[in-house]
Structures are given as C-alpha cells and as structure tokens.
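Student: Supplied structure: input.cif, mmCIF, C-alpha atoms and all ligand atoms.
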```cif
data_work
loop_
_atom_site.label_atom_id
_atom_site.label_comp_id
_atom_site.auth_asym_id
_atom_site.auth_seq_id
_atom_site.Cartn_x
_atom_site.Cartn_y
_atom_site.Cartn_z
CA MET A 1 0.00 0.00 0.00
CA SER A 2 1.54 3.29 -1.06
CA ALA A 3 1.09 6.43 0.99
CA PRO A 4 0.12 9.59 -0.88
CA PRO A 5 2.95 12.10 -1.41
CA LYS A 6 2.94 15.17 0.82
CA ASN A 7 2.84 17.43 -2.20
CA PRO A 8 1.13 15.54 -5.03
CA GLU A 9 1.86 18.32 -7.53
CA SER A 10 5.57 17.61 -7.26
CA ALA A 11 5.22 13.83 -7.49
CA GLY A 12 5.14 11.42 -10.41
CA VAL A 13 5.84 13.07 -13.76
CA GLY A 14 5.86 16.43 -11.97
CA ALA A 15 8.74 15.45 -9.70
CA PRO A 16 11.71 17.85 -9.89
CA THR A 17 14.08 15.10 -10.98
CA ARG A 18 11.94 14.16 -14.00
CA ALA A 19 12.65 15.49 -17.47
CA ARG A 20 10.28 18.21 -18.65
CA ILE A 21 8.53 16.62 -21.65
CA ALA A 22 5.47 18.26 -23.11
CA GLU A 23 4.23 15.15 -24.94
CA ARG A 24 2.22 12.65 -22.97
CA THR A 25 4.53 9.95 -24.24
CA LEU A 26 7.37 9.49 -26.69
CA ARG A 27 6.39 5.92 -27.35
CA THR A 28 5.54 5.17 -30.96
CA ASP A 29 4.41 1.55 -30.56
CA ARG A 30 0.81 0.47 -29.97
CA TRP A 31 1.06 0.88 -26.17
CA TRP A 32 -2.69 1.50 -25.98
CA LEU A 33 -3.53 -1.99 -27.29
CA ALA A 34 -3.00 -3.87 -23.98
CA PRO A 35 -5.16 -1.52 -21.86
CA LEU A 36 -7.82 -1.52 -24.58
CA LEU A 37 -7.97 -5.33 -24.72
CA THR A 38 -8.05 -5.47 -20.93
CA VAL A 39 -10.99 -3.14 -20.61
CA LEU A 40 -12.83 -5.00 -23.38
CA GLY A 41 -12.22 -8.38 -21.72
CA LEU A 42 -13.33 -7.20 -18.30
CA SER A 43 -16.41 -5.49 -19.76
CA VAL A 44 -17.48 -8.64 -21.59
CA PHE A 45 -17.30 -10.64 -18.38
CA VAL A 46 -19.10 -8.05 -16.23
CA VAL A 47 -21.92 -7.66 -18.76
CA TYR A 48 -22.29 -11.40 -19.36
CA ALA A 49 -22.20 -12.31 -15.64
CA SER A 50 -24.66 -9.55 -14.74
CA VAL A 51 -27.17 -10.51 -17.44
CA ARG A 52 -26.97 -14.21 -16.63
CA SER A 53 -27.24 -13.61 -12.91
CA TRP A 54 -30.46 -11.67 -13.29
CA VAL A 55 -32.34 -13.63 -15.97
CA ARG A 56 -33.19 -16.65 -13.79
CA THR A 57 -33.57 -19.00 -16.73
CA ALA A 58 -31.68 -22.11 -17.88
CA TYR A 59 -29.29 -22.33 -14.96
CA PHE A 60 -29.92 -25.92 -13.86
CA VAL A 61 -30.09 -29.26 -15.69
CA GLU A 62 -32.02 -31.59 -13.42
CA ASP A 63 -31.23 -34.84 -15.29
CA TYR A 64 -27.45 -34.45 -14.88
CA HIS A 65 -27.40 -32.08 -11.94
CA TYR A 66 -25.54 -29.32 -13.74
CA LEU A 67 -25.80 -26.06 -11.79
CA THR A 68 -24.10 -22.97 -13.21
CA PRO A 69 -21.57 -21.36 -10.84
CA PHE A 70 -23.39 -18.01 -11.10
CA TYR A 71 -26.34 -19.50 -9.15
CA SER A 72 -24.50 -21.64 -6.65
CA PRO A 73 -25.42 -22.05 -3.88
CA CYS A 74 -29.09 -21.53 -4.70
CA LEU A 75 -30.70 -20.97 -1.30
CA SER A 76 -34.07 -19.44 -2.14
CA ASP A 77 -37.57 -20.82 -2.60
CA SER A 78 -37.39 -19.13 -6.00
CA CYS A 79 -34.76 -21.64 -7.19
CA VAL A 80 -35.96 -24.38 -9.54
CA PRO A 81 -36.65 -27.76 -7.85
CA GLY A 82 -33.55 -29.86 -7.33
CA SER A 83 -31.06 -26.99 -7.50
CA SER A 84 -30.93 -26.27 -3.77
CA ASP A 85 -28.83 -29.02 -2.20
CA PHE A 86 -28.01 -26.72 0.72
CA GLY A 87 -31.67 -26.06 1.49
CA THR A 88 -33.74 -22.92 1.01
CA PRO A 89 -33.33 -20.88 4.20
CA ILE A 90 -34.20 -17.76 2.21
CA GLY A 91 -37.78 -17.39 1.07
CA GLU A 92 -38.95 -16.10 -2.29
CA LEU A 93 -36.70 -13.45 -3.79
CA PRO A 94 -38.00 -10.56 -5.92
CA MET A 95 -36.73 -10.54 -9.50
CA ILE A 96 -34.49 -7.58 -8.79
CA ILE A 97 -32.26 -9.74 -6.55
CA PRO A 98 -30.14 -12.39 -8.31
CA LEU A 99 -30.58 -15.92 -6.98
CA GLY A 100 -26.82 -16.14 -6.46
CA PHE A 101 -26.78 -12.88 -4.51
CA LEU A 102 -25.12 -14.45 -1.47
CA VAL A 103 -22.04 -15.40 -3.40
CA LEU A 104 -21.86 -12.75 -6.14
CA PRO A 105 -20.76 -9.81 -3.94
CA PHE A 106 -17.94 -11.90 -2.48
CA LEU A 107 -16.87 -13.25 -5.84
CA LEU A 108 -16.84 -9.74 -7.28
CA GLY A 109 -15.08 -8.43 -4.17
CA PHE A 110 -12.43 -11.12 -4.46
CA ARG A 111 -11.81 -10.39 -8.12
CA LEU A 112 -11.99 -6.61 -7.92
CA THR A 113 -9.48 -6.45 -5.05
CA CYS A 114 -7.17 -9.07 -6.60
CA TYR A 115 -3.66 -7.70 -7.06
CA TYR A 116 -3.63 -8.65 -10.74
CA TYR A 117 -7.04 -7.15 -11.55
CA ARG A 118 -6.07 -4.01 -9.66
CA LYS A 119 -3.08 -3.59 -11.91
CA ALA A 120 -5.25 -4.28 -14.93
CA TYR A 121 -8.00 -1.79 -14.23
CA TYR A 122 -5.77 0.87 -12.66
CA ARG A 123 -4.01 0.92 -16.01
CA SER A 124 -6.82 0.30 -18.45
CA VAL A 125 -9.77 2.05 -16.76
CA TRP A 126 -8.16 4.63 -14.47
CA PHE A 127 -5.08 5.29 -16.66
CA SER A 128 -2.85 5.35 -13.61
CA PRO A 129 -0.68 5.12 -15.66
CA PRO A 130 -2.01 3.50 -18.88
CA ALA A 131 1.41 2.05 -19.82
CA CYS A 132 5.11 2.30 -19.07
CA ALA A 133 6.52 5.70 -20.07
CA VAL A 134 3.04 7.13 -20.67
CA ALA A 135 2.11 9.94 -18.28
CA GLU A 136 -1.15 9.55 -16.42
CA PRO A 137 -3.80 12.26 -16.77
CA HIS A 138 -4.36 12.68 -13.00
CA ARG A 139 -2.55 15.44 -11.20
CA THR A 140 -2.83 13.87 -7.76
CA TYR A 141 -2.31 10.44 -6.31
CA THR A 142 -3.87 9.42 -3.00
CA GLY A 143 -2.93 5.75 -3.03
CA GLU A 144 -4.87 3.08 -1.21
CA THR A 145 -4.77 4.79 2.17
CA ARG A 146 -8.23 6.36 2.13
CA LEU A 147 -11.71 5.66 0.81
CA PRO A 148 -12.63 4.23 -1.59
CA LEU A 149 -9.39 2.45 -2.44
CA ILE A 150 -8.56 1.54 1.16
CA VAL A 151 -11.21 -1.18 0.67
CA GLN A 152 -8.62 -2.98 -1.46
CA ASN A 153 -7.03 -4.07 1.80
CA ALA A 154 -10.03 -6.33 2.45
CA HIS A 155 -8.69 -8.71 -0.18
CA ARG A 156 -7.26 -11.11 2.43
CA TYR A 157 -10.78 -11.55 3.89
CA PHE A 158 -12.35 -12.12 0.49
CA PHE A 159 -9.75 -14.83 0.04
CA TYR A 160 -11.21 -16.89 2.89
CA VAL A 161 -14.72 -16.54 1.45
CA ALA A 162 -13.35 -17.57 -1.96
CA LEU A 163 -12.08 -20.78 -0.38
CA VAL A 164 -15.62 -21.58 0.79
CA VAL A 165 -17.02 -20.76 -2.65
CA SER A 166 -14.43 -23.03 -4.26
CA LEU A 167 -15.53 -25.85 -1.95
CA ILE A 168 -19.15 -25.31 -3.00
CA ASN A 169 -18.12 -25.32 -6.68
CA THR A 170 -16.22 -28.55 -6.03
CA TYR A 171 -19.36 -30.07 -4.53
CA ASP A 172 -21.31 -29.00 -7.65
CA ALA A 173 -18.70 -30.60 -9.92
CA ILE A 174 -18.88 -33.88 -7.98
CA ARG A 175 -22.68 -33.78 -8.16
CA ALA A 176 -22.38 -33.44 -11.94
CA PHE A 177 -21.23 -37.07 -12.12
CA HIS A 178 -24.90 -37.87 -12.37
CA GLY A 179 -26.69 -40.04 -14.89
CA ALA A 180 -30.20 -39.51 -16.24
CA ASP A 181 -31.34 -42.68 -14.42
CA GLY A 182 -30.16 -41.26 -11.10
CA GLY A 183 -26.93 -43.28 -10.97
CA PHE A 184 -23.38 -42.50 -12.00
CA GLY A 185 -22.85 -40.64 -15.25
CA ILE A 186 -20.42 -38.46 -17.12
CA GLY A 187 -21.19 -35.99 -19.85
CA LEU A 188 -19.39 -33.14 -21.56
CA GLY A 189 -20.98 -30.86 -18.97
CA THR A 190 -19.34 -32.88 -16.18
CA LEU A 191 -15.92 -32.45 -17.77
CA ILE A 192 -16.45 -28.72 -18.30
CA MET A 193 -17.50 -28.25 -14.66
CA VAL A 194 -14.54 -30.27 -13.37
CA CYS A 195 -12.11 -28.34 -15.56
CA ASN A 196 -13.63 -25.07 -14.37
CA VAL A 197 -13.34 -25.98 -10.69
CA ILE A 198 -9.72 -27.15 -11.01
CA LEU A 199 -8.78 -23.83 -12.61
CA LEU A 200 -10.78 -21.91 -9.99
CA TRP A 201 -8.80 -23.67 -7.27
CA ALA A 202 -5.56 -22.87 -9.07
CA TYR A 203 -6.54 -19.19 -9.31
CA THR A 204 -7.64 -19.06 -5.65
CA VAL A 205 -4.59 -20.88 -4.28
CA SER A 206 -2.23 -18.77 -6.39
CA CYS A 207 -3.56 -15.65 -4.65
CA HIS A 208 -0.96 -13.42 -3.00
CA SER A 209 -2.91 -13.67 0.28
CA CYS A 210 -2.59 -17.45 0.14
CA ARG A 211 1.13 -17.01 -0.35
CA HIS A 212 1.20 -14.92 2.81
CA VAL A 213 -0.96 -17.41 4.71
CA THR A 214 1.36 -20.28 3.84
CA GLY A 215 4.75 -18.59 4.18
CA GLY A 216 4.26 -15.18 5.72
CA ARG A 217 5.58 -13.98 9.10
CA LEU A 218 8.18 -16.73 9.29
CA THR A 219 11.71 -15.86 10.34
CA HIS A 220 13.22 -19.23 9.52
CA PHE A 221 11.80 -21.42 6.76
CA SER A 222 14.08 -24.22 8.00
CA LYS A 223 12.03 -24.49 11.19
CA HIS A 224 8.75 -24.80 9.26
CA PRO A 225 9.42 -27.32 6.48
CA ILE A 226 5.74 -28.05 5.73
CA ARG A 227 4.80 -24.38 5.47
CA TYR A 228 7.93 -23.80 3.38
CA ARG A 229 6.93 -26.61 1.01
CA LEU A 230 3.37 -25.21 0.71
CA TRP A 231 4.73 -21.70 0.16
CA THR A 232 7.00 -23.02 -2.60
CA TRP A 233 4.05 -24.63 -4.40
CA VAL A 234 1.87 -21.57 -3.99
CA SER A 235 4.70 -19.31 -5.17
CA THR A 236 5.14 -21.43 -8.30
CA LEU A 237 1.45 -21.14 -9.07
CA ASN A 238 1.54 -17.45 -8.19
CA THR A 239 3.81 -16.77 -11.17
CA ARG A 240 0.82 -17.80 -13.34
CA HIS A 241 -1.73 -15.70 -11.46
CA MET A 242 -2.43 -13.33 -14.34
CA GLN A 243 -3.01 -16.19 -16.79
CA LEU A 244 -5.23 -17.95 -14.26
CA ALA A 245 -7.20 -14.76 -13.66
CA TRP A 246 -8.08 -14.52 -17.37
CA THR A 247 -8.53 -18.27 -17.90
CA THR A 248 -11.02 -18.57 -15.06
CA LEU A 249 -13.08 -15.67 -16.39
CA ALA A 250 -13.31 -17.62 -19.63
CA THR A 251 -14.06 -20.99 -17.99
CA LEU A 252 -16.81 -19.42 -15.86
CA ILE A 253 -18.47 -18.09 -19.01
CA VAL A 254 -18.00 -21.38 -20.90
CA THR A 255 -19.42 -23.41 -17.99
CA ASP A 256 -22.43 -21.15 -17.59
CA PHE A 257 -23.01 -20.97 -21.35
CA TYR A 258 -22.91 -24.75 -21.75
CA VAL A 259 -25.33 -25.27 -18.84
CA MET A 260 -27.60 -22.64 -20.37
CA LEU A 261 -27.60 -24.38 -23.77
CA VAL A 262 -28.41 -27.79 -22.25
CA ALA A 263 -30.94 -26.48 -19.72
CA SER A 264 -32.81 -24.52 -22.37
CA GLY A 265 -32.96 -27.57 -24.68
CA THR A 266 -30.91 -25.82 -27.39
CA ILE A 267 -28.46 -28.75 -27.43
CA SER A 268 -28.32 -32.17 -25.79
CA ASP A 269 -25.52 -32.98 -23.41
CA LEU A 270 -22.87 -35.17 -25.02
CA ARG A 271 -23.00 -38.24 -22.78
CA LEU A 272 -19.93 -40.42 -22.30
CA ILE A 273 -21.39 -42.70 -19.62
CA ASN A 274 -25.14 -43.08 -19.13
FE1 LIG B 1 -5.39 -12.24 -7.11
FE2 LIG B 1 -5.56 -12.69 -4.47
S1 LIG B 1 -4.08 -11.59 -5.55
S2 LIG B 1 -6.85 -13.42 -6.07
#
```
So that I can check it, write out the structure of this file as structure tokens.
Tutor:
Amino acid sequence: MSAPPKNPESAGVGAPTRARIAERTLRTDRWWLAPLLTVLGLSVFVVYASVRSWVRTAYFVEDYHYLTPFYSPCLSDSCVPGSSDFGTPIGELPMIIPLGFLVLPFLLGFRLTCYYYRKAYYRSVWFSPPACAVAEPHRTYTGETRLPLIVQNAHRYFFYVALVVSLINTYDAIRAFHGADGGFGIGLGTLIMVCNVILLWAYTVSCHSCRHVTGGRLTHFSKHPIRYRLWTWVSTLNTRHMQLAWTTLATLIVTDFYVMLVASGTISDLRLIN
C-alpha cells in the first residue's frame, strides 16, 4: 500500500528530478492496445455475468445435476426444484435480486481487489498510468490509504470466502457425475464443470494472500518445512496468477453458457457414460 505524497503536484511526472517533456509519451508503438484489450475483456465478463445472474432462466439441468456457478449455492424458494442441495433458508426473492446474490458480492469483491485485476483496471480504466513511459492524466495520487481504495485491503478476507465458494463449486462438480437414471454418469458438462473448478482452485490458491498465509511472518523457513513446502508450491502457481485470472473468467463463461444451452434444450448434453 503506497502512501500519498505530501505534495502531489511535485510527485510522479511532476517530480523535480523528471525530465520536462510536453508530450504525454514518446512511445511510438501500440502501447494502448494492452489496456484496450483489458478493458474490453473485463467489460465482456461483467456484462455477461450480470445478465446471466439476473435472468433466472436455464441455470440448472435436473437430469445431470448441472448447476451454473453463477447460481451456486441456490438458497431461495425461488430456485428451480432440485437446484438447492443446501436447502432454502431464504424465502422467495424478488426478481431484482439475483438468486446467487449471497455469493456474487464476495466473488466480485475477491476479483476486484485481486492484485492482478487491480493492476489491470488501474491501467486500463483509471489510466494510472495506462502504460510504461506514458504519463497519467491525473494530477494527484492518493494511493490506497483512504476511501474508496482503502477497501482494497479487504482482499485477504475475500480470500477466505473464496475458499468456501471453491468448496461449493467442487461439490457441484462432484454432483455433476450424475446419470439420467439417477446413478453415476459423465457428460461433456461434467468435464467442463470439473475443468472449471480445477482452474478456480488454481486461481484461488495462487492468490498473494494465500502465499502470505502459507509462508508469511516466518523468520526461519528451515524451522517450518511443511509451510515452506506449501509456500513453494503456492509461489510457483503465483507466477501464473495473471493467466489464471483470465482463464477462469473464460471458464466461468464457458461453464455457464454450456449449462444454459443444455438447460434450455438448445443442445443435448454429449454423454460419455449413461
Ligand atoms: Fe489475485 Fe488474491 S491476488 S486473487
């Protein structure tokens, strides 16, 4: 967390030691392409997830027990029969509230405060700065020490909730090994859900907070060999955190889209067993 400079006007590109350059940047390459693609990718996900979360249609395939992650856990009386394995402690919900409302704020909170996504949208949405060697348009910088950005420090708490959500998604993937006759079965939907949950775990475990949980505040790794081993694994995964962040956005959409197609009767599930 960076503290704001005492005199913001003299910081950043205005600092006395910086060269006085009138142009916003001297770069001649397509430096704007990466921030543009980032903002497009994030917008596609936000729009898709929002629409799907509110429509309340085609989110559950009863025959094979496919439940889209955007509606899991489904805890309301408004959920379609069979989709509420964890009960319905919440009564009917008005249409304005998504059925996955218990999990959506935490999922969004986890992603929005993620160190990688922060970098991505600070650059692509807030232009702070948009690219290396490109001056940002803002004259002041207040850092993450006051509202609203101080909320970013809640990321470590969202991490624990994300672990619970990953467990629920794992349960859903196991339930998807379900045949039409009620016994064991595997379909393309099962494989998609399993793939999605494995990648979600990889994204969650590669979190910087997880790295701190496993190896932080230790003076001597040699005295904590198990935590050191865990920290080493998490650190290896952590180097792929950006790729996992994007891949899991894609797998969430693919999983939901496939469940939607099967649940709406647009396609039949490709069955491998039963
Ligand atoms: Fe990205 Fe924690 S840093 S999920």
Student: May I ask for the distance between atom CA of A:Ala135 and atom CA of A:Trp31, given in Å to one decimal place?
Tutor: 12.1 Å
Student: What is the distance, in Å and to one decimal place, between atom CA of A:Gly265 and atom CA of A:Leu249?
Tutor: 24.6 Å
Student: Report, in Å with one decimal, the straight-line distance from atom CA of A:His212 to atom CA of A:Arg240.
Tutor: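 Distance between the two atoms: 16.4 Å.
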Student: May I have the residues within 6 Å of ligand LIG 1 (chain B), computed using only C-alpha atoms and all ligand atoms, as a PDB file with C-alpha atoms, in the frame of the given file?
Tutor:
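Result written to selection.pdb:
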```pdb
ATOM      1  CA  CYS A 114      -7.170  -9.070  -6.600  1.00  0.00           C
ATOM      2  CA  TYR A 115      -3.660  -7.700  -7.060  1.00  0.00           C
ATOM      3  CA  TYR A 116      -3.630  -8.650 -10.740  1.00  0.00           C
ATOM      4  CA  THR A 204      -7.640 -19.060  -5.650  1.00  0.00           C
ATOM      5  CA  CYS A 207      -3.560 -15.650  -4.650  1.00  0.00           C
ATOM      6  CA  HIS A 208      -0.960 -13.420  -3.000  1.00  0.00           C
ATOM      7  CA  SER A 209      -2.910 -13.670   0.280  1.00  0.00           C
TER       8      SER A 209
END
```
Student: Using all atoms listed in the file, which of A:Ala176, A:Val197, A:Leu104, A:Ile192 sits nearest A:Ala49?
Tutor: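 The answer is A:Leu104, which sits nearest to A:Ala49.
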Student: Leaving out A:Asp172 and any residue of its chain fewer than 6 positions from it, which residues lie within 9 Å of it when counting only C-alpha atoms, given as number ranges by chain?
Tutor: A: 65-69, 72-73, 193-194
Student: Out of A:Thr219, A:Thr239, A:Thr25, A:Ser50, which residue has the shortest atom-to-atom distance to A:Val134 when counting only C-alpha atoms?
Tutor: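 For A:Val134, the nearest of the candidates is A:Thr25.
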Student: Given all atoms listed in the file as the basis, pick out the residue of A:Asn196, A:Trp231, A:Phe110, A:Val80 nearest to A:Arg217.
Tutor: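 Between A:Asn196, A:Trp231, A:Phe110, A:Val80, the residue approaching A:Arg217 most closely is A:Trp231.
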Student: Counting all atoms listed in the file, which of A:Phe221, A:Tyr258, A:Tyr71, A:Tyr141 gets nearest to A:Ile168?
Tutor: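 Closest residue, counting all atoms listed in the file: A:Tyr71.
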Student: Looking at all atoms listed in the file, which of A:Tyr228, A:Trp54, A:Tyr64, A:Trp32 is the one that sits closest to A:Gly187?
Tutor: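 That would be A:Tyr64, the residue with the smallest distance to A:Gly187.
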Student: For A:Phe127, which residue out of A:Leu36, A:Ala58, A:Leu163, A:Leu112 is the nearest one, using all atoms listed in the file?
Tutor: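 Counting all atoms listed in the file, the residue closest to A:Phe127 is A:Leu36.
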Student: Taking 3 positions as the minimum chain separation for residues in the same chain, which residues sit within 12 Å of A:Thr57 when counting only C-alpha atoms? Answer as a PyMOL selection string.
Tutor: chain A and resi 51-54+60-61+67-68+70-71+78-80+95+98-99+256-257+259-265
Student: If we count only C-alpha atoms and set the cut-off at 9 Å, which residues sit around A:Leu272, ignoring sequence neighbours fewer than 6 positions away in its own chain? Please answer as a ChimeraX atom specification.
Tutor: /A:185-188
Student: Could you work out an axis-aligned bounding box for all listed atoms of stretch 198-216 of chain A, with 6 Å added on each of the six sides, and give its centre and edge lengths in Å to one decimal, as AutoDock Vina command-line options?
Tutor:
```
--center_x -3.0 --center_y -20.3 --center_z -3.4 --size_x 27.5 --size_y 25.7 --size_z 30.3
```
